[in-house]
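Have a look at data.cif below; it lists mmCIF, C-alpha atoms.
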```cif
data_input
loop_
_atom_site.label_atom_id
_atom_site.label_comp_id
_atom_site.auth_asym_id
_atom_site.auth_seq_id
_atom_site.Cartn_x
_atom_site.Cartn_y
_atom_site.Cartn_z
CA MET A 18 0.00 0.00 0.00
CA ALA A 19 2.76 2.46 0.94
CA GLU A 20 4.30 2.00 -2.49
CA SER A 21 1.03 3.00 -4.21
CA VAL A 22 0.75 6.15 -2.09
CA VAL A 23 4.40 7.15 -2.60
CA ARG A 24 4.12 6.59 -6.35
CA ALA A 25 1.00 8.79 -6.42
CA LEU A 26 2.62 11.49 -4.27
CA TYR A 27 5.63 11.89 -6.50
CA GLY A 28 3.97 11.20 -9.82
CA LYS A 29 1.18 13.75 -9.41
CA SER A 30 -1.23 10.95 -10.19
CA SER A 31 -4.91 11.62 -10.79
CA SER A 32 -6.00 8.21 -9.48
CA LEU A 33 -5.09 6.03 -6.53
CA ASN A 34 -6.14 2.41 -6.16
CA LEU A 35 -5.95 1.04 -2.61
CA SER A 36 -8.59 -1.63 -3.19
CA SER A 37 -8.18 -4.95 -1.37
CA LYS A 38 -5.11 -3.79 0.59
CA LYS A 39 -6.44 -4.63 4.10
CA VAL A 40 -6.65 -0.90 4.87
CA LYS A 41 -8.30 -0.02 8.20
CA ASP A 42 -7.52 3.70 8.22
CA VAL A 43 -7.08 5.91 5.18
CA PRO A 44 -3.52 7.26 5.32
CA LYS A 45 -3.62 10.99 6.06
CA CYS A 46 -0.95 11.59 3.42
CA VAL A 47 -3.61 10.81 0.80
CA SER A 48 -4.93 14.31 1.53
CA ARG A 49 -1.74 15.71 -0.05
CA LEU A 50 -2.79 14.23 -3.41
CA THR A 51 -4.79 17.30 -4.30
CA ASN A 52 -4.94 16.39 -8.02
CA LEU A 53 -6.74 13.10 -7.36
CA SER A 54 -9.89 12.60 -9.38
CA VAL A 55 -10.37 8.87 -8.62
CA LEU A 56 -9.86 7.20 -5.23
CA LEU A 57 -10.57 3.48 -4.95
CA LEU A 58 -10.76 2.23 -1.37
CA ASN A 59 -13.15 -0.69 -1.85
CA ASN A 60 -12.72 -4.15 -0.29
CA ASN A 61 -10.97 -3.04 2.89
CA SER A 62 -11.93 -2.58 6.56
CA ILE A 63 -12.38 1.19 6.64
CA SER A 64 -14.83 2.41 9.30
CA SER A 65 -14.28 6.20 9.01
CA LEU A 66 -12.62 8.84 6.86
CA PRO A 67 -10.17 11.49 8.07
CA ALA A 68 -11.26 15.13 7.88
CA GLU A 69 -8.08 15.82 5.90
CA LEU A 70 -9.77 14.39 2.81
CA LEU A 71 -11.39 17.84 2.47
CA SER A 72 -8.31 18.81 0.47
CA LEU A 73 -9.36 16.47 -2.37
CA GLN A 74 -11.46 19.12 -4.07
CA HIS A 75 -10.95 17.60 -7.56
CA LEU A 76 -12.14 14.14 -6.54
CA GLU A 77 -14.82 12.93 -8.96
CA GLU A 78 -15.05 9.23 -8.12
CA LEU A 79 -14.85 7.61 -4.68
CA ASN A 80 -15.34 3.90 -4.15
CA LEU A 81 -15.79 2.88 -0.51
CA GLY A 82 -17.70 -0.30 -1.30
CA ASN A 83 -17.30 -3.39 0.87
CA ASN A 84 -15.87 -1.74 3.97
CA ALA A 85 -16.99 -1.33 7.60
CA LEU A 86 -18.73 2.06 7.45
CA LYS A 87 -21.70 2.37 9.81
CA GLU A 88 -22.56 5.85 8.59
CA ILE A 89 -21.90 8.02 5.58
CA PRO A 90 -18.87 10.13 6.56
CA ALA A 91 -19.66 13.84 7.02
CA VAL A 92 -16.48 14.84 5.16
CA LEU A 93 -18.15 13.70 1.92
CA SER A 94 -20.54 16.66 2.00
CA GLN A 95 -17.57 18.97 1.35
CA LEU A 96 -16.32 17.06 -1.71
CA GLU A 97 -18.42 19.05 -4.15
CA SER A 98 -16.71 17.71 -7.30
CA LEU A 99 -17.84 14.13 -6.60
CA LYS A 100 -19.73 12.61 -9.54
CA LYS A 101 -19.63 8.92 -8.61
CA LEU A 102 -20.00 7.64 -5.05
CA TYR A 103 -20.00 3.92 -4.25
CA LEU A 104 -20.91 2.92 -0.69
CA PHE A 105 -22.24 -0.59 -1.35
CA SER A 106 -21.78 -3.49 1.09
CA ASN A 107 -21.19 -1.54 4.30
CA GLN A 108 -23.28 -1.36 7.48
CA ILE A 109 -24.89 2.02 6.81
CA THR A 110 -28.28 2.49 8.48
CA ALA A 111 -29.12 6.09 7.53
CA VAL A 112 -28.43 8.73 4.89
CA PRO A 113 -27.77 12.01 6.76
CA PRO A 114 -29.57 14.96 5.11
CA GLY A 115 -26.61 17.28 5.66
CA VAL A 116 -24.20 14.98 3.87
CA ILE A 117 -26.35 14.13 0.87
CA GLY A 118 -27.44 17.75 0.42
CA GLY A 119 -23.91 18.93 -0.42
CA LEU A 120 -23.26 16.53 -3.29
CA HIS A 121 -24.75 18.66 -6.08
CA ASN A 122 -22.62 17.17 -8.88
CA LEU A 123 -23.34 13.52 -8.12
CA VAL A 124 -24.32 11.47 -11.19
CA VAL A 125 -24.05 7.95 -9.70
CA LEU A 126 -24.96 6.95 -6.13
CA ASN A 127 -24.67 3.30 -5.14
CA LEU A 128 -25.91 2.36 -1.65
CA ASN A 129 -26.55 -1.34 -2.33
CA HIS A 130 -26.38 -3.99 0.40
CA ASN A 131 -26.68 -1.81 3.51
CA HIS A 132 -29.37 -1.40 6.21
CA ILE A 133 -30.92 1.90 5.08
CA GLN A 134 -34.57 2.37 6.08
CA ARG A 135 -35.26 5.70 4.40
CA LEU A 136 -33.82 8.30 2.06
CA PRO A 137 -34.05 11.94 3.19
CA PRO A 138 -36.10 14.55 1.28
CA GLU A 139 -32.81 16.42 0.74
CA ILE A 140 -32.06 13.89 -2.00
CA LYS A 141 -33.85 16.38 -4.27
CA SER A 142 -30.69 18.54 -4.22
CA LEU A 143 -28.88 15.90 -6.31
CA SER A 144 -30.14 17.55 -9.50
CA LYS A 145 -27.56 15.86 -11.77
CA LEU A 146 -28.18 12.33 -10.46
CA GLN A 147 -28.73 9.79 -13.25
CA HIS A 148 -28.24 6.43 -11.52
CA LEU A 149 -29.51 5.66 -8.02
CA SER A 150 -29.11 2.15 -6.65
CA VAL A 151 -30.37 1.18 -3.20
CA LEU A 152 -30.71 -2.57 -3.84
CA ASP A 153 -30.97 -4.90 -0.84
CA ASN A 154 -31.66 -2.46 1.97
CA LYS A 155 -34.58 -1.99 4.36
CA LEU A 156 -36.35 0.89 2.60
CA GLU A 157 -39.99 1.15 3.63
CA GLU A 158 -40.76 4.21 1.53
CA VAL A 159 -39.32 6.32 -1.23
CA PRO A 160 -39.38 10.11 -0.75
CA ALA A 161 -41.69 12.01 -3.08
CA GLU A 162 -38.76 14.37 -3.67
CA LEU A 163 -37.22 11.80 -6.04
CA GLY A 164 -39.69 13.24 -8.54
CA HIS A 165 -37.58 16.44 -8.60
CA LEU A 166 -34.63 14.57 -10.11
CA ALA A 167 -35.31 15.21 -13.78
CA LYS A 168 -32.10 13.53 -15.00
CA LEU A 169 -32.67 10.19 -13.27
CA SER A 170 -32.51 7.45 -15.89
CA GLU A 171 -32.16 4.39 -13.65
CA ILE A 172 -33.38 3.57 -10.14
CA ASN A 173 -32.74 0.20 -8.53
CA LEU A 174 -34.94 -0.45 -5.49
CA THR A 175 -34.83 -4.25 -5.69
CA SER A 176 -35.03 -6.24 -2.42
CA ASN A 177 -36.45 -3.68 -0.01
CA ASN A 178 -39.64 -3.42 2.07
CA LEU A 179 -41.54 -1.05 -0.22
CA SER A 180 -45.32 -1.35 -0.25
CA LEU A 181 -46.02 1.76 -2.36
CA LEU A 182 -44.31 4.30 -4.57
CA PRO A 183 -44.97 8.05 -4.65
CA GLN A 184 -46.94 9.42 -7.59
CA GLN A 185 -44.17 12.03 -8.03
CA LEU A 186 -41.87 9.31 -9.38
CA CYS A 187 -43.79 9.69 -12.66
CA GLN A 188 -42.22 13.17 -12.99
CA CYS A 189 -38.80 11.62 -13.74
CA LYS A 190 -39.10 12.04 -17.53
CA ASP A 191 -35.71 10.50 -18.35
CA LEU A 192 -36.38 7.36 -16.30
CA THR A 193 -35.87 4.30 -18.52
CA LYS A 194 -35.09 1.61 -15.92
CA LEU A 195 -36.94 1.11 -12.65
CA HIS A 196 -36.02 -2.08 -10.77
CA LEU A 197 -38.62 -3.06 -8.15
CA ALA A 198 -38.37 -6.85 -7.76
CA ARG A 199 -38.60 -8.45 -4.31
CA ASN A 200 -40.65 -5.75 -2.57
CA LYS A 201 -44.16 -5.71 -1.09
CA LEU A 202 -45.69 -3.65 -3.90
CA THR A 203 -49.24 -4.47 -4.96
CA SER A 204 -49.72 -1.53 -7.33
CA LEU A 205 -47.80 1.17 -9.16
CA PRO A 206 -48.55 4.91 -9.49
CA GLU A 207 -50.84 5.94 -12.33
CA VAL A 208 -48.95 7.51 -15.20
CA GLY A 209 -50.81 10.51 -16.59
CA ILE A 210 -50.89 10.86 -20.37
CA PRO A 211 -50.44 14.48 -21.48
#
```

Could you render the structure from this file as structure tokens?
Amino acid sequence: MAESVVRALYGKSSSLNLSSKKVKDVPKCVSRLTNLSVLLLNNNSISSLPAELLSLQHLEELNLGNNALKEIPAVLSQLESLKKLYLFSNQITAVPPGVIGGLHNLVVLNLNHNHIQRLPPEIKSLSKLQHLSVLDNKLEEVPAELGHLAKLSEINLTSNNLSLLPQQLCQCKDLTKLHLARNKLTSLPEVGIP
């Protein structure tokens, strides 16, 4: 792992891959890689992120999938350049409104295989979001505010506890894929024909 970080530090690299390196704590020196646009930290044992990651203001893709996160780290709300955020296969139980509200440039959000029961209304601030995946969680409802996300083209809500969907979901005009298998749905919202 140290070799990857040193190579990135001295090579002014735009990406750093620390996947599957048995990392428990993100090295603070990663914060000195201010040109990073891609940071891959998946398949480790990371349970938190250092505040120093605030310096990664050019970061566009962050993969924290398959780690030990119990919550979405607050530092993420300050990484305003993020376009792709992967948090699958952790132990996350909630999506804090303050964190999600700051990610205005997000295009892809993957929260698969966690323990999330609800998404906050603040999700409506993700105006550029195209792909939302919350597969295999404990969602009991979907916020009506998802209808504000005009650029959403794919939503994966497979394997949750959903019994109904908000009518506002029909406002997502670019939506081409809606995955709803393995839920408790008995009906779908009526789609109005203009």

Original post:
Quick one: of A:Asn60, A:Ser170, A:Gln74, A:Ser48, who's nearest to A:Cys187, counting only C-alpha atoms?
Top reply: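 Selected residue with least distance to A:Cys187: A:Ser170.
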
**OP:** Calculate how many Å separate atom CA of A:Ile140 from atom CA of A:Ser106, rounding to one decimal.
**Re:**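 Atom-to-atom, atom CA of A:Ile140 to atom CA of A:Ser106, that is 20.4 Å.
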
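For the structure in this document, the set picked by the PyMOL selection byres ((chain A and resi 198-201) around 6) is Thr175, Ser176, Asn177, Asn178, Leu179, Ser180, Leu197 and Leu202 of chain A.
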
**OP:** Show me as a PyMOL selection string the residues that reach within 12 Å of (-15.3, -2.4, 2.8), counting all atoms listed in the file and using the file's own coordinates.
**Re:** chain A and resi 35-43+57-65+80-87+103-109+130-131

**OP:** Rank A:Leu136, A:Val116, A:Val92, A:Val125 by their smallest atom-to-atom distance to A:Glu77, using all atoms listed in the file, and report the top residue only.
**Re:**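 For A:Glu77, the nearest of the given residues is A:Val125.
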
**OP:** Enter the distance from atom CA of A:Ser98 to atom CA of A:Gly119, in Å, rounded to one decimal.
**Re:**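 Value for the atom CA of A:Ser98-atom CA of A:Gly119 distance: 10.0 Å.
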
Original post:
Which neighbours of A:Lys45 fall inside 8 Å, counting all atoms listed in the file, when residues of the same chain fewer than 3 positions from it are skipped, and could you give them as a ChimeraX atom specification?
Top reply: /A:48-49,67,69-70

Subject >> Using only C-alpha atoms: which of A:Val112, A:Lys145, A:Glu78, A:Leu71 has the shortest distance to A:Leu33 >> reply: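 The shortest atom-to-atom distance to A:Leu33 comes from A:Glu78.
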
Using the chain letters and numbers from this file, what does the PyMOL selection byres ((chain A and resi 76) around 10) select? Give the answer as a short mmCIF file (atom, residue, chain, number, x, y, z; two decimals) with C-alpha atoms, keeping the file's coordinate frame.
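Once everything was written out, this is part21.cif:
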```
data_model
loop_
_atom_site.label_atom_id
_atom_site.label_comp_id
_atom_site.auth_asym_id
_atom_site.auth_seq_id
_atom_site.Cartn_x
_atom_site.Cartn_y
_atom_site.Cartn_z
CA SER A 31 -4.91 11.62 -10.79
CA SER A 32 -6.00 8.21 -9.48
CA LEU A 50 -2.79 14.23 -3.41
CA THR A 51 -4.79 17.30 -4.30
CA ASN A 52 -4.94 16.39 -8.02
CA LEU A 53 -6.74 13.10 -7.36
CA SER A 54 -9.89 12.60 -9.38
CA VAL A 55 -10.37 8.87 -8.62
CA LEU A 56 -9.86 7.20 -5.23
CA LEU A 70 -9.77 14.39 2.81
CA LEU A 71 -11.39 17.84 2.47
CA SER A 72 -8.31 18.81 0.47
CA LEU A 73 -9.36 16.47 -2.37
CA GLN A 74 -11.46 19.12 -4.07
CA HIS A 75 -10.95 17.60 -7.56
CA GLU A 77 -14.82 12.93 -8.96
CA GLU A 78 -15.05 9.23 -8.12
CA LEU A 79 -14.85 7.61 -4.68
CA LEU A 96 -16.32 17.06 -1.71
CA GLU A 97 -18.42 19.05 -4.15
CA SER A 98 -16.71 17.71 -7.30
CA LEU A 99 -17.84 14.13 -6.60
CA LYS A 100 -19.73 12.61 -9.54
CA LYS A 101 -19.63 8.92 -8.61
#
```

**OP:** Could you jot down the atom CA of A:His196 to atom CA of A:Ala91 separation for me, Å, one decimal place?
**Re:** 28.9 Å
